[in-house]
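The next block holds one structure in the form of structure tokens; read it before the comments.
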Number of protein chains: 2
Amino acid sequence: MQLRMTNQREMILRELKKSKKHLSADELYERVKKIMPRISLATVYRNLEILSDASMIRKLEISGRQKRFDSELEDHDHIYCIQCHRIENLDIGDKEVNLTEVDTRGYAITGRRLEVIGLCPRCQKKNSKNNAKKAKQGGSTMGCGCKKGVLSDEQKQVLEAMEKCDGPCASKDIAAATGLETKQVSCRITALKKKGYVDSPVRCKYAITTEGKIALNV
Amino acid sequence: MQLRMTNQREMILRELKKSKKHLSADELYERVKKIMPRISLATVYRNLEILSDASMIRKLEISGRQKRFDSELEDHDHIYCIQCHRIENLDIGDKEVNLTEVDTRGYAITGRRLEVIGLCPRCQKKNSKNNAKKAKQGGSTMGCGCKKGVLSDEQKQVLEAMEKCDGPCASKDIAAATGLETKQVSCRITALKKKGYVDSPVRCKYAITTEGKIALNV
DNA sequence: TAGTAAATAGTAACCTTTCGCAAGTCAATC
DNA sequence: GATTGACTTGCGAAAGGTTACTATTTACTA
Ligand SMILES: [Mn+2]
Ligand SMILES: [Mn+2]
Ligand SMILES: [Zn+2]
Ligand SMILES: [Zn+2]
């Protein structure tokens, strides 16, 4: 089994090296596609696998998320941000980590993986800003990690009713305004709160948030 | 937002603790289902997420594979097997890993994750047995990691033709016997070789392997 | 105890990754 | 130079794991 250096493979390797980042397969795919528009995502995956088997790149299997690939071969560890999932290199000396005396339970050790986890400087800044803002607003529940701001029709209906209403309103009011059942309104509000589009300044009273208004007008 | 201790949640927590293993969501689901047959897998996922957010359990997000959950809250690291993906606890003292002097690039450190990677004793044994067997057989390419031995109709056709033929035969012969095009036969042979059902004792000649015969008669 | 918020079951959708196939490319052999 | 087969690729489909949505039920609390 020998490797052939095809154009695709070469380009994938070159783009990964050029980026100097820890790219995921699809990020790399987007980059390579600009140069080879017909390349397939499967080819990118296949080659990243092959290249890392051949030790020409490194595969980073960090923390249950998307795999990332690293063109740097020298031994090094990584630090990553819990919030923005940025991954950066970390240089650690032999003194810091020394596993020679650890009881490895009969395992034949082939390597180790060390991740330092934290909040990157950018996210720290962002958070302190947001916190200041939130304190003024009275503490919305934003930033829950919901991936999408997509609204269902009924959610939109509820949100629209809430926008028209001035000041916090009860789910009963929304039900009356929309014609939906109270129970259903309650469900929609829960979902919207999770997305950060609605908050509850007073118990049992709800209001649309700034984010909610933005989401409505998209 | 407050937590309620529902029956489902309690059971999930109890079963995880009882197992003393690093279970995945679906493994836990199978266990809980025996006691609460109507529980939903989504409930298990939701609760594992909630419980780990509440620091009542730990989420292990190891190596880009399935998430696993750990009821042990004390700080400890893990060792895992590249082959069977078993995960075991690993006790490491403060002397072994000391990151206090590492340059963390401005990150606010919240934790670290150390995985030692290797081959577990069981897999070591299994491998040495298999290698001995392979050496005797003359080196078939089995054990490539293909997950399935499922044969497509055309693969089966090729394999059957190969079985009837005595001794190694060329892809041309198979093409003639099956009525398929030579190129297609070549493709099927490649796939079958990858599965370990065919090998090539002489260049350009192929024969069905023992595994191949077994697979045909399933 | 009534009323509200949180949780559930069931299912659909989602996202990342892998697979199978038909076709193409290339180097080694004839 | 033609043939052969190993290695690749693009494409489509599917697997596998996880999350989202919604009607309904349950736990809590005022
Ligand atoms: Mn790196
Ligand atoms: Mn553990
Ligand atoms: Zn960050
Ligand atoms: Zn193992």
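Residues in the structure tokens are numbered from 1 in each chain, the chains being A, B, ... in the order shown, and ligands are numbered from 1 in the order shown.
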
Quick check: residues of chain B within 8 Å of chain A, only C-alpha atoms, returned as a PyMOL selection string. chain B and resi 60-67+79+81+90-92+96-99+101-104+106-121+124

Same residues, N, CA, C and O atoms, saved as a short mmCIF file (atom, residue, chain, number, x, y, z; two decimals), in the first residue's frame:
data_model
loop_
_atom_site.label_atom_id
_atom_site.label_comp_id
_atom_site.auth_asym_id
_atom_site.auth_seq_id
_atom_site.Cartn_x
_atom_site.Cartn_y
_atom_site.Cartn_z
N LEU B 60 -17.35 12.89 30.39
CA LEU B 60 -16.04 12.62 29.80
C LEU B 60 -16.16 12.74 28.29
O LEU B 60 -16.85 11.95 27.66
N GLU B 61 -15.52 13.74 27.76
CA GLU B 61 -15.61 13.93 26.31
C GLU B 61 -14.27 13.55 25.72
O GLU B 61 -13.44 14.39 25.46
N ILE B 62 -14.09 12.28 25.55
CA ILE B 62 -12.78 11.78 25.17
C ILE B 62 -12.69 11.48 23.69
O ILE B 62 -13.55 10.80 23.14
N SER B 63 -11.67 12.02 23.07
CA SER B 63 -11.18 11.53 21.78
C SER B 63 -12.19 11.51 20.66
O SER B 63 -12.22 10.57 19.87
N GLY B 64 -13.01 12.48 20.60
CA GLY B 64 -13.90 12.57 19.45
C GLY B 64 -14.87 11.42 19.33
O GLY B 64 -15.51 11.24 18.30
N ARG B 65 -15.00 10.61 20.37
CA ARG B 65 -15.98 9.54 20.27
C ARG B 65 -17.16 9.80 21.18
O ARG B 65 -17.34 10.90 21.68
N GLN B 66 -17.95 8.78 21.35
CA GLN B 66 -19.14 8.91 22.18
C GLN B 66 -18.82 9.49 23.55
O GLN B 66 -17.83 9.12 24.15
N LYS B 67 -19.68 10.34 24.02
CA LYS B 67 -19.49 10.86 25.37
C LYS B 67 -19.73 9.78 26.40
O LYS B 67 -20.57 8.92 26.22
N ILE B 79 -7.25 6.55 31.53
CA ILE B 79 -6.40 5.89 30.55
C ILE B 79 -7.34 5.18 29.60
O ILE B 79 -8.37 4.67 30.03
N CYS B 81 -7.97 2.74 25.87
CA CYS B 81 -7.39 1.79 24.93
C CYS B 81 -7.74 2.20 23.50
O CYS B 81 -8.91 2.35 23.18
N LEU B 90 -7.34 6.51 36.40
CA LEU B 90 -5.90 6.59 36.55
C LEU B 90 -5.60 7.57 37.67
O LEU B 90 -6.08 8.70 37.64
N ASP B 91 -4.86 7.11 38.65
CA ASP B 91 -4.54 8.02 39.74
C ASP B 91 -3.17 8.63 39.53
O ASP B 91 -2.18 7.93 39.37
N ILE B 92 -3.17 9.92 39.53
CA ILE B 92 -1.94 10.65 39.27
C ILE B 92 -1.75 11.67 40.37
O ILE B 92 -2.67 12.39 40.72
N GLU B 96 3.32 14.46 39.40
CA GLU B 96 3.39 14.02 38.01
C GLU B 96 2.99 15.12 37.03
O GLU B 96 3.55 15.24 35.96
N VAL B 97 1.99 15.86 37.40
CA VAL B 97 1.53 16.91 36.51
C VAL B 97 1.45 18.21 37.30
O VAL B 97 0.70 18.33 38.25
N ASN B 98 2.25 19.15 36.88
CA ASN B 98 2.26 20.42 37.58
C ASN B 98 2.30 21.53 36.55
O ASN B 98 3.31 21.76 35.89
N LEU B 99 1.18 22.19 36.41
CA LEU B 99 1.08 23.16 35.33
C LEU B 99 1.18 24.60 35.82
O LEU B 99 0.90 25.53 35.08
N GLU B 101 3.52 26.52 36.28
CA GLU B 101 4.50 27.43 35.68
C GLU B 101 4.34 27.55 34.16
O GLU B 101 5.15 28.17 33.50
N VAL B 102 3.30 26.95 33.65
CA VAL B 102 3.12 26.98 32.21
C VAL B 102 2.54 28.32 31.77
O VAL B 102 1.68 28.88 32.44
N ASP B 103 3.02 28.79 30.65
CA ASP B 103 2.47 30.03 30.08
C ASP B 103 1.12 29.73 29.44
O ASP B 103 1.04 29.02 28.45
N THR B 104 0.08 30.26 30.03
CA THR B 104 -1.26 29.90 29.54
C THR B 104 -1.85 30.94 28.59
O THR B 104 -3.05 30.96 28.37
N GLY B 106 -2.73 33.91 28.64
CA GLY B 106 -3.82 34.80 29.04
C GLY B 106 -5.13 34.11 29.32
O GLY B 106 -6.13 34.75 29.65
N TYR B 107 -5.18 32.80 29.16
CA TYR B 107 -6.41 32.07 29.44
C TYR B 107 -6.68 32.02 30.95
O TYR B 107 -5.75 31.93 31.74
N ALA B 108 -7.93 32.07 31.32
CA ALA B 108 -8.31 31.81 32.70
C ALA B 108 -8.58 30.32 32.82
O ALA B 108 -9.58 29.83 32.31
N ILE B 109 -7.68 29.62 33.45
CA ILE B 109 -7.74 28.16 33.46
C ILE B 109 -8.85 27.66 34.36
O ILE B 109 -8.99 28.09 35.50
N THR B 110 -9.65 26.75 33.84
CA THR B 110 -10.71 26.18 34.67
C THR B 110 -10.48 24.70 34.93
O THR B 110 -11.16 24.12 35.76
N GLY B 111 -9.58 24.12 34.21
CA GLY B 111 -9.35 22.71 34.44
C GLY B 111 -8.35 22.15 33.46
O GLY B 111 -7.81 22.86 32.62
N ARG B 112 -8.14 20.88 33.57
CA ARG B 112 -7.26 20.23 32.61
C ARG B 112 -7.77 18.82 32.42
O ARG B 112 -8.51 18.28 33.24
N ARG B 113 -7.42 18.27 31.31
CA ARG B 113 -7.84 16.92 31.04
C ARG B 113 -6.63 16.17 30.55
O ARG B 113 -5.99 16.58 29.60
N LEU B 114 -6.33 15.09 31.22
CA LEU B 114 -5.18 14.28 30.82
C LEU B 114 -5.66 12.89 30.49
O LEU B 114 -6.33 12.24 31.28
N GLU B 115 -5.34 12.47 29.29
CA GLU B 115 -5.64 11.09 28.90
C GLU B 115 -4.35 10.40 28.59
O GLU B 115 -3.56 10.89 27.78
N VAL B 116 -4.17 9.26 29.17
CA VAL B 116 -3.05 8.43 28.75
C VAL B 116 -3.62 7.41 27.79
O VAL B 116 -4.69 6.86 28.01
N ILE B 117 -2.93 7.21 26.71
CA ILE B 117 -3.45 6.38 25.63
C ILE B 117 -2.57 5.17 25.45
O ILE B 117 -1.34 5.28 25.49
N GLY B 118 -3.19 4.03 25.26
CA GLY B 118 -2.38 2.84 25.08
C GLY B 118 -3.21 1.64 24.68
O GLY B 118 -4.35 1.79 24.23
N LEU B 119 -2.61 0.50 24.84
CA LEU B 119 -3.28 -0.74 24.50
C LEU B 119 -3.49 -1.51 25.80
O LEU B 119 -2.55 -1.78 26.53
N CYS B 120 -4.75 -1.86 26.06
CA CYS B 120 -5.04 -2.51 27.32
C CYS B 120 -4.52 -3.95 27.31
O CYS B 120 -4.30 -4.51 26.25
N PRO B 121 -4.33 -4.54 28.47
CA PRO B 121 -3.78 -5.90 28.56
C PRO B 121 -4.58 -6.89 27.71
O PRO B 121 -4.02 -7.74 27.02
N GLN B 124 -3.76 -6.46 24.10
CA GLN B 124 -2.41 -6.94 23.84
C GLN B 124 -2.41 -8.45 23.61
O GLN B 124 -1.83 -8.96 22.66
#

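For the pair chain A and chain B, the all-Cα root-mean-square deviation following least-squares superposition comes to 1.0 Å.
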
9 Å from ligand 1 is the threshold here; counting only C-alpha atoms (C1' of nucleotides) and all ligand atoms, which polymer residues fall inside it? Answer as a list in words. Lys20, Lys21, His22, Arg58, Leu60, Phe69, Asp70, Ser71, Glu72, Leu73, Glu74, Asp75, His76, Asp77, His78, Ile87, Glu88, Asn89 and Leu90 of chain A

Quick one, how far is CA of Gln155 (chain B) from CA of Arg188 (chain B)?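 Here the two named atoms are 5.6 Å from each other.
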
Neighbours of chain B in chain D at 9 Å, counting only C-alpha atoms (C1' of nucleotides), as a ChimeraX atom specification: /D:4-6,17-19,26-28

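With only C-alpha atoms (C1' of nucleotides) as the atoms that count, the minimum distance from chain B to the choices C:DC19, C:DC26, C:DA9, C:DA2 is reached by C:DA9.
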
With a distance cut-off of 10 Å and only C-alpha atoms (C1' of nucleotides), select the neighbouring residues of DG24 (chain C), excluding the residue or stretch itself and same-chain residues fewer than 2 positions from it, and output the selection as a list in words. DA22 and DC26 of chain C; DT8 and DT9 of chain D

Can you pull out the residues contacting DT3 (chain D)? Cut-off 12 Å, using only C-alpha atoms (C1' of nucleotides), and skip same-chain residues under 6 positions away; I want them as a short mmCIF file (atom, residue, chain, number, x, y, z; two decimals) with N, CA and C atoms (P, O5', C5', C4', C3', O3' and C1' of nucleotides), in the first residue's frame.
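That gives us result.cif:
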data_model
loop_
_atom_site.label_atom_id
_atom_site.label_comp_id
_atom_site.auth_asym_id
_atom_site.auth_seq_id
_atom_site.Cartn_x
_atom_site.Cartn_y
_atom_site.Cartn_z
N LYS B 172 -10.17 -11.14 -14.99
CA LYS B 172 -10.75 -11.42 -16.30
C LYS B 172 -11.65 -12.66 -16.26
N CYS B 204 -1.99 -10.26 -9.44
CA CYS B 204 -3.07 -10.32 -10.43
C CYS B 204 -3.89 -11.60 -10.37
P DA C 27 3.15 7.92 -12.56
"O5'" DA C 27 3.69 6.49 -12.10
"C5'" DA C 27 3.26 5.97 -10.85
"C4'" DA C 27 3.55 4.48 -10.78
"C3'" DA C 27 4.88 4.05 -11.38
"O3'" DA C 27 5.39 3.01 -10.58
"C1'" DA C 27 3.09 3.02 -12.57
P DA C 28 6.80 2.36 -10.91
"O5'" DA C 28 6.34 0.89 -11.28
"C5'" DA C 28 5.53 0.18 -10.35
"C4'" DA C 28 5.04 -1.10 -11.00
"C3'" DA C 28 6.15 -1.96 -11.60
"O3'" DA C 28 5.84 -3.31 -11.29
"C1'" DA C 28 4.57 -1.45 -13.26
P DT C 29 6.93 -4.43 -11.57
"O5'" DT C 29 6.34 -5.07 -12.89
"C5'" DT C 29 5.32 -6.05 -12.78
"C4'" DT C 29 4.64 -6.22 -14.12
"C3'" DT C 29 5.37 -7.15 -15.06
"O3'" DT C 29 4.59 -8.33 -15.19
"C1'" DT C 29 4.46 -5.26 -16.19
P DC C 30 5.27 -9.56 -15.91
"O5'" DC C 30 4.64 -9.43 -17.37
"C5'" DC C 30 3.24 -9.48 -17.53
"C4'" DC C 30 2.87 -9.12 -18.96
"C3'" DC C 30 3.56 -9.99 -20.02
"O3'" DC C 30 2.58 -10.48 -20.92
"C1'" DC C 30 3.83 -7.67 -20.51
#

Tell me, counting only C-alpha atoms (C1' of nucleotides), for each residue of chain C within 10 Å of chain B, which pair of atoms is nearest and how far apart they are in Å to one decimal, in rows ordered by chain and increasing number, as a Markdown table.
| residue | atom | partner | partner_atom | distance |
| --- | --- | --- | --- | --- |
| C:DA5 | C1' | B:Met1 | CA | 8.6 |
| C:DA6 | C1' | B:Arg4 | CA | 7.3 |
| C:DA7 | C1' | B:Thr6 | CA | 7.7 |
| C:DT8 | C1' | B:Thr43 | CA | 6.9 |
| C:DA9 | C1' | B:Ser40 | CA | 5.8 |
| C:DG10 | C1' | B:Ser40 | CA | 7.5 |
| C:DC19 | C1' | B:Cys146 | CA | 9.7 |
| C:DG20 | C1' | B:Ser152 | CA | 8.8 |
| C:DC21 | C1' | B:Cys187 | CA | 8.5 |
| C:DA22 | C1' | B:Gln184 | CA | 7.8 |
| C:DA23 | C1' | B:Lys183 | CA | 9.3 |

Quick check for you: according to DSSP on this backbone, which residues of region 32-172 of chain B are classed as helix (DSSP H, G or I)? Reply as an MDAnalysis selection string. chainID B and resid 32:35 41:53 121:137 153:164 171:172
